[in-house]
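*Asks:* Just dropping this structure here.
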Amino acid sequence: MTRLVIATLFWMFALVAQAVELISGPKVMQSESSATIAWRTDVACGTRASVGTALDKLDQKLEGPVAADHSITLPGLVKGTTYYYEVGSARQKLAAGSFLFGSTSPAASPAPPAAAPKSLLNKIVDALTPEPPKPKPAATAPTAARAPPTRQTWGRIDTLQDHYDRHGADFQSTSPDDYAAQAWHFLQRGKAGQVPMKWDDSDSSLRVYDPKTRAFAAYNRDGTTKTYFCPNSPTYWQRQPGRPISPAQLPFK
Amino acid sequence: MKATSHTCLVCGFDQLKEAPRAKSGGGSFEICPACGFQFGVSDDDDGLTYEEWREDWITRGMEWSSTGIKQPRAWKPEALLKSVTKKKAK
């Protein structure tokens, strides 16, 4: 029974972790009072490290920019202390390890096997956690038009907070209103023919995707926003239903 | 006119505003205010099944997820949960 549970957990682990892969690292480089953990991923993604002095107490969360080459510096470390860490993006833990600060052997060591089930739990919990900041889509450039009031652009206003909590960090949104405005700007790019759109006749919804920034949004038939986020999966857009639609065919202006 | 409600396939919350899945198979993108599952994202992007999310939600104490939508006074997660797990058992 235990083997079955462990096998299932590893299968789930692999399923959830498929989007981003670790190419190299993590390496730990130490200086007098700090250490830097560096790693590389196959595609650009968020940078997050959880660090602590015990494997079950990784209470220090550090974040960095979206990149393929990641590094996080841990300041104010105490010599002679063993630090444990996990690195990855907000949704995925890619690796874990530990190091003795002040030692002459700074290479990262793998975490004990017991850490694996915890990592899976973290992955599931991470699905609730928004991604770290990613570059804003071009539509939010200073030259873009000012968005209408949020109540006019967001479909169900009582849901905005939850969508912002979950996805706002994908676009470095500073508030729910900012997040809603960015989603509206994104739609303007679709309407300008700058990014592909799909129309789903079965529920009259519009999907818009930018392959460059990986920004994705769904809109109601009246053009108000349902959601706006950056999918992790590289095949997400391809798997979305609907037929390609041109700006002229949209049922709203 | 009374709006139609839909049931969350994960936790049984029966006041979703949209069907979790359209006829095309696409997700509604609605975030269940009870369990926090986002149809079309938690599953289609994060790769989690309803069962996995449900188990995790139960483990976390079946807390009301939404910060923007108020928890209904009469909300009884244990009873609603039974409605989806019973359907599954049939």
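For the structure tokens, the naming scheme is as follows: chains receive sequential letters (A, B, ...) according to their order of presentation, residues are indexed from 1 within each chain, and ligands are indexed from 1 in presentation order.
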Compute the set of chain A residues within 6 Å of chain B, using only C-alpha atoms, and express it as a PyMOL selection string.

*Replies:* chain A and resi 16+158+161+202-203+233+241

*Asks:* Please report, as a PyMOL selection string, each residue of chain B to which DSSP assigns helix (DSSP H, G or I) when run on this structure's backbone.

*Replies:* chain B and resi 50-59+77-89

*Asks:* With N, CA and C atoms retained, could you export that selection as a PDB file, in the first residue's frame?

*Replies:*
```pdb
ATOM      1  N   TYR B  50      -9.489  16.781 -10.144  1.00  0.00           N
ATOM      2  CA  TYR B  50     -10.457  17.190  -9.119  1.00  0.00           C
ATOM      3  C   TYR B  50     -10.156  16.470  -7.797  1.00  0.00           C
ATOM      4  N   GLU B  51      -9.828  15.203  -7.907  1.00  0.00           N
ATOM      5  CA  GLU B  51      -9.586  14.402  -6.704  1.00  0.00           C
ATOM      6  C   GLU B  51      -8.374  14.923  -5.934  1.00  0.00           C
ATOM      7  N   GLU B  52      -7.322  15.260  -6.666  1.00  0.00           N
ATOM      8  CA  GLU B  52      -6.111  15.764  -6.010  1.00  0.00           C
ATOM      9  C   GLU B  52      -6.399  17.062  -5.277  1.00  0.00           C
ATOM     10  N   TRP B  53      -7.117  17.956  -5.976  1.00  0.00           N
ATOM     11  CA  TRP B  53      -7.426  19.251  -5.342  1.00  0.00           C
ATOM     12  C   TRP B  53      -8.327  19.040  -4.120  1.00  0.00           C
ATOM     13  N   ARG B  54      -9.315  18.154  -4.282  1.00  0.00           N
ATOM     14  CA  ARG B  54     -10.263  17.899  -3.197  1.00  0.00           C
ATOM     15  C   ARG B  54      -9.521  17.377  -1.963  1.00  0.00           C
ATOM     16  N   GLU B  55      -8.633  16.404  -2.209  1.00  0.00           N
ATOM     17  CA  GLU B  55      -7.880  15.834  -1.088  1.00  0.00           C
ATOM     18  C   GLU B  55      -7.080  16.914  -0.379  1.00  0.00           C
ATOM     19  N   ASP B  56      -6.436  17.756  -1.157  1.00  0.00           N
ATOM     20  CA  ASP B  56      -5.607  18.813  -0.589  1.00  0.00           C
ATOM     21  C   ASP B  56      -6.470  19.811   0.186  1.00  0.00           C
ATOM     22  N   TRP B  57      -7.619  20.137  -0.386  1.00  0.00           N
ATOM     23  CA  TRP B  57      -8.526  21.094   0.264  1.00  0.00           C
ATOM     24  C   TRP B  57      -9.045  20.530   1.590  1.00  0.00           C
ATOM     25  N   ILE B  58      -9.366  19.269   1.572  1.00  0.00           N
ATOM     26  CA  ILE B  58      -9.834  18.618   2.806  1.00  0.00           C
ATOM     27  C   ILE B  58      -8.718  18.620   3.846  1.00  0.00           C
ATOM     28  N   THR B  59      -7.506  18.321   3.379  1.00  0.00           N
ATOM     29  CA  THR B  59      -6.358  18.315   4.288  1.00  0.00           C
ATOM     30  C   THR B  59      -6.152  19.688   4.920  1.00  0.00           C
ATOM     31  N   PRO B  77     -19.709  22.746   4.114  1.00  0.00           N
ATOM     32  CA  PRO B  77     -18.838  22.050   3.159  1.00  0.00           C
ATOM     33  C   PRO B  77     -18.921  20.533   3.225  1.00  0.00           C
ATOM     34  N   GLU B  78     -19.106  20.008   4.434  1.00  0.00           N
ATOM     35  CA  GLU B  78     -19.144  18.542   4.547  1.00  0.00           C
ATOM     36  C   GLU B  78     -20.337  17.970   3.762  1.00  0.00           C
ATOM     37  N   ALA B  79     -21.490  18.635   3.892  1.00  0.00           N
ATOM     38  CA  ALA B  79     -22.696  18.147   3.212  1.00  0.00           C
ATOM     39  C   ALA B  79     -22.560  18.281   1.695  1.00  0.00           C
ATOM     40  N   LEU B  80     -22.019  19.406   1.251  1.00  0.00           N
ATOM     41  CA  LEU B  80     -21.869  19.622  -0.193  1.00  0.00           C
ATOM     42  C   LEU B  80     -20.849  18.656  -0.797  1.00  0.00           C
ATOM     43  N   LEU B  81     -19.827  18.406  -0.018  1.00  0.00           N
ATOM     44  CA  LEU B  81     -18.783  17.484  -0.470  1.00  0.00           C
ATOM     45  C   LEU B  81     -19.370  16.103  -0.754  1.00  0.00           C
ATOM     46  N   LYS B  82     -20.306  15.719   0.108  1.00  0.00           N
ATOM     47  CA  LYS B  82     -20.925  14.394  -0.074  1.00  0.00           C
ATOM     48  C   LYS B  82     -21.634  14.307  -1.422  1.00  0.00           C
ATOM     49  N   SER B  83     -22.209  15.436  -1.865  1.00  0.00           N
ATOM     50  CA  SER B  83     -22.958  15.406  -3.123  1.00  0.00           C
ATOM     51  C   SER B  83     -22.056  15.061  -4.307  1.00  0.00           C
ATOM     52  N   VAL B  84     -20.815  15.511  -4.288  1.00  0.00           N
ATOM     53  CA  VAL B  84     -19.929  15.172  -5.414  1.00  0.00           C
ATOM     54  C   VAL B  84     -19.273  13.818  -5.230  1.00  0.00           C
ATOM     55  N   THR B  85     -18.956  13.455  -4.007  1.00  0.00           N
ATOM     56  CA  THR B  85     -18.318  12.146  -3.814  1.00  0.00           C
ATOM     57  C   THR B  85     -19.331  11.015  -4.014  1.00  0.00           C
ATOM     58  N   LYS B  86     -20.610  11.286  -3.685  1.00  0.00           N
ATOM     59  CA  LYS B  86     -21.649  10.280  -3.926  1.00  0.00           C
ATOM     60  C   LYS B  86     -21.834  10.038  -5.412  1.00  0.00           C
ATOM     61  N   LYS B  87     -21.898  11.148  -6.178  1.00  0.00           N
ATOM     62  CA  LYS B  87     -22.059  11.033  -7.624  1.00  0.00           C
ATOM     63  C   LYS B  87     -20.942  10.194  -8.213  1.00  0.00           C
ATOM     64  N   LYS B  88     -19.733  10.430  -7.673  1.00  0.00           N
ATOM     65  CA  LYS B  88     -18.560   9.721  -8.191  1.00  0.00           C
ATOM     66  C   LYS B  88     -18.662   8.234  -7.916  1.00  0.00           C
ATOM     67  N   ALA B  89     -19.217   7.919  -6.714  1.00  0.00           N
ATOM     68  CA  ALA B  89     -19.309   6.516  -6.317  1.00  0.00           C
ATOM     69  C   ALA B  89     -20.316   5.746  -7.150  1.00  0.00           C
TER      70      ALA B  89
END
```

*Asks:* Could you list, as a ChimeraX atom specification, every residue within 8 Å of Met197 in chain A, counting only C-alpha atoms and ignoring same-chain residues fewer than 5 positions away?

*Replies:* /A:190,206-209,244-246

*Asks:* Go ahead and dump the residues you just picked, C-alpha atoms, as a tab-separated table (two decimals), in the first residue's frame.

*Replies:*
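The new file part-v7.tsv reads:
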```
chain	number	residue	atom	x	y	z
A	190	GLY	CA	-6.24	41.35	-29.75
A	206	LEU	CA	-13.13	34.81	-26.38
A	207	ARG	CA	-9.59	33.66	-25.68
A	208	VAL	CA	-6.52	35.74	-26.45
A	209	TYR	CA	-2.89	34.67	-26.21
A	244	PRO	CA	-9.61	31.61	-34.85
A	245	ILE	CA	-11.42	34.91	-35.08
A	246	SER	CA	-10.44	38.22	-36.62
```

*Asks:* CA of Ala35 in chain A and CA of Glu86 in chain A are how many Å apart?

*Replies:* 14.2 Å

*Asks:* Quick one: residues within 12 Å of Gly52 in chain A, only C-alpha atoms counted, chain neighbours fewer than 3 positions away excluded, as a tab-separated table (two decimals) with C-alpha atoms, in the first residue's frame?

*Replies:*
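Output contents, as saved in result35.tsv:
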```tsv
chain	number	residue	atom	x	y	z
A	49	ALA	CA	13.75	30.15	-3.19
A	55	LEU	CA	14.02	20.99	6.22
A	56	ASP	CA	10.50	21.41	7.57
A	57	LYS	CA	10.94	25.11	8.30
A	58	LEU	CA	11.79	26.84	5.02
A	59	ASP	CA	10.29	30.05	6.30
A	60	GLN	CA	12.30	32.59	4.33
A	61	LYS	CA	10.86	33.22	0.85
A	62	LEU	CA	12.94	35.07	-1.70
A	74	LEU	CA	20.84	35.04	0.93
A	77	LEU	CA	23.95	34.09	7.19
A	78	VAL	CA	25.54	32.70	10.33
A	81	THR	CA	24.84	26.91	10.35
A	82	THR	CA	23.36	24.43	7.91
A	83	TYR	CA	20.78	26.00	5.62
A	84	TYR	CA	18.15	24.06	3.72
A	85	TYR	CA	16.53	25.35	0.57
A	86	GLU	CA	14.13	24.67	-2.26
A	96	ALA	CA	16.16	21.12	-3.00
A	97	GLY	CA	19.35	20.90	-1.05
A	98	SER	CA	21.37	22.15	1.87
A	99	PHE	CA	24.74	23.69	2.62
A	100	LEU	CA	26.87	24.42	5.64
```

*Asks:* Considering only C-alpha atoms, return as a list in words whatever protein or nucleic-acid residues lie within 7 Å of Tyr219 in chain A, sequence-local ones (same chain, fewer than 2 positions apart) excluded.

*Replies:*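 Selected residues are Ser205, Leu206, Arg207, Ala217, Arg221, Gly223, Thr224, Thr225 and Lys226 of chain A.
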
*Asks:* Residues of the last selection are to be written out with N, CA and C atoms, as a PDB file, in the first residue's frame.

*Replies:*
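Output file selection_20.pdb follows:
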```
ATOM      1  N   SER A 205     -17.366  32.660 -25.596  1.00  0.00           N
ATOM      2  CA  SER A 205     -16.232  33.263 -24.888  1.00  0.00           C
ATOM      3  C   SER A 205     -15.081  33.478 -25.866  1.00  0.00           C
ATOM      4  N   LEU A 206     -14.283  34.469 -25.546  1.00  0.00           N
ATOM      5  CA  LEU A 206     -13.133  34.814 -26.376  1.00  0.00           C
ATOM      6  C   LEU A 206     -11.851  34.521 -25.599  1.00  0.00           C
ATOM      7  N   ARG A 207     -10.894  33.913 -26.289  1.00  0.00           N
ATOM      8  CA  ARG A 207      -9.590  33.657 -25.681  1.00  0.00           C
ATOM      9  C   ARG A 207      -8.531  34.387 -26.486  1.00  0.00           C
ATOM     10  N   ALA A 217      -5.734  35.460 -21.822  1.00  0.00           N
ATOM     11  CA  ALA A 217      -6.933  36.004 -21.184  1.00  0.00           C
ATOM     12  C   ALA A 217      -8.166  35.407 -21.821  1.00  0.00           C
ATOM     13  N   ARG A 221     -18.793  37.375 -23.787  1.00  0.00           N
ATOM     14  CA  ARG A 221     -19.283  37.774 -25.117  1.00  0.00           C
ATOM     15  C   ARG A 221     -19.384  39.289 -25.271  1.00  0.00           C
ATOM     16  N   GLY A 223     -17.119  41.312 -24.022  1.00  0.00           N
ATOM     17  CA  GLY A 223     -15.770  41.862 -23.961  1.00  0.00           C
ATOM     18  C   GLY A 223     -15.245  42.092 -22.554  1.00  0.00           C
ATOM     19  N   THR A 224     -16.071  41.811 -21.556  1.00  0.00           N
ATOM     20  CA  THR A 224     -15.574  41.945 -20.182  1.00  0.00           C
ATOM     21  C   THR A 224     -14.695  40.738 -19.847  1.00  0.00           C
ATOM     22  N   THR A 225     -13.793  40.941 -18.910  1.00  0.00           N
ATOM     23  CA  THR A 225     -12.772  39.929 -18.639  1.00  0.00           C
ATOM     24  C   THR A 225     -13.265  38.839 -17.696  1.00  0.00           C
ATOM     25  N   LYS A 226     -12.886  37.596 -18.046  1.00  0.00           N
ATOM     26  CA  LYS A 226     -13.140  36.454 -17.166  1.00  0.00           C
ATOM     27  C   LYS A 226     -11.905  36.160 -16.320  1.00  0.00           C
TER      28      LYS A 226
END
```

*Asks:* Would you give me, as a ChimeraX atom specification, the residues in chain B that DSSP reads as strand (DSSP E or B)?

*Replies:* /B:6,16,21,27,31,38

*Asks:* Any chance you can output those residues with C-alpha atoms as a CSV table (one decimal), in the first residue's frame?

*Replies:*
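As written to disk, out.csv reads:
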```
chain,number,residue,atom,x,y,z
B,6,HIS,CA,-23.9,25.4,-11.1
B,16,LEU,CA,-21.1,28.7,-9.2
B,21,ARG,CA,-17.0,23.2,-18.6
B,27,GLY,CA,-13.0,25.7,-18.8
B,31,ILE,CA,-12.6,30.2,-9.4
B,38,GLN,CA,-10.1,27.4,-11.2
```

*Asks:* One number please: CA of Gln249 in chain A to CA of Lys198 in chain A, in Å, one decimal.

*Replies:* 10.9 Å
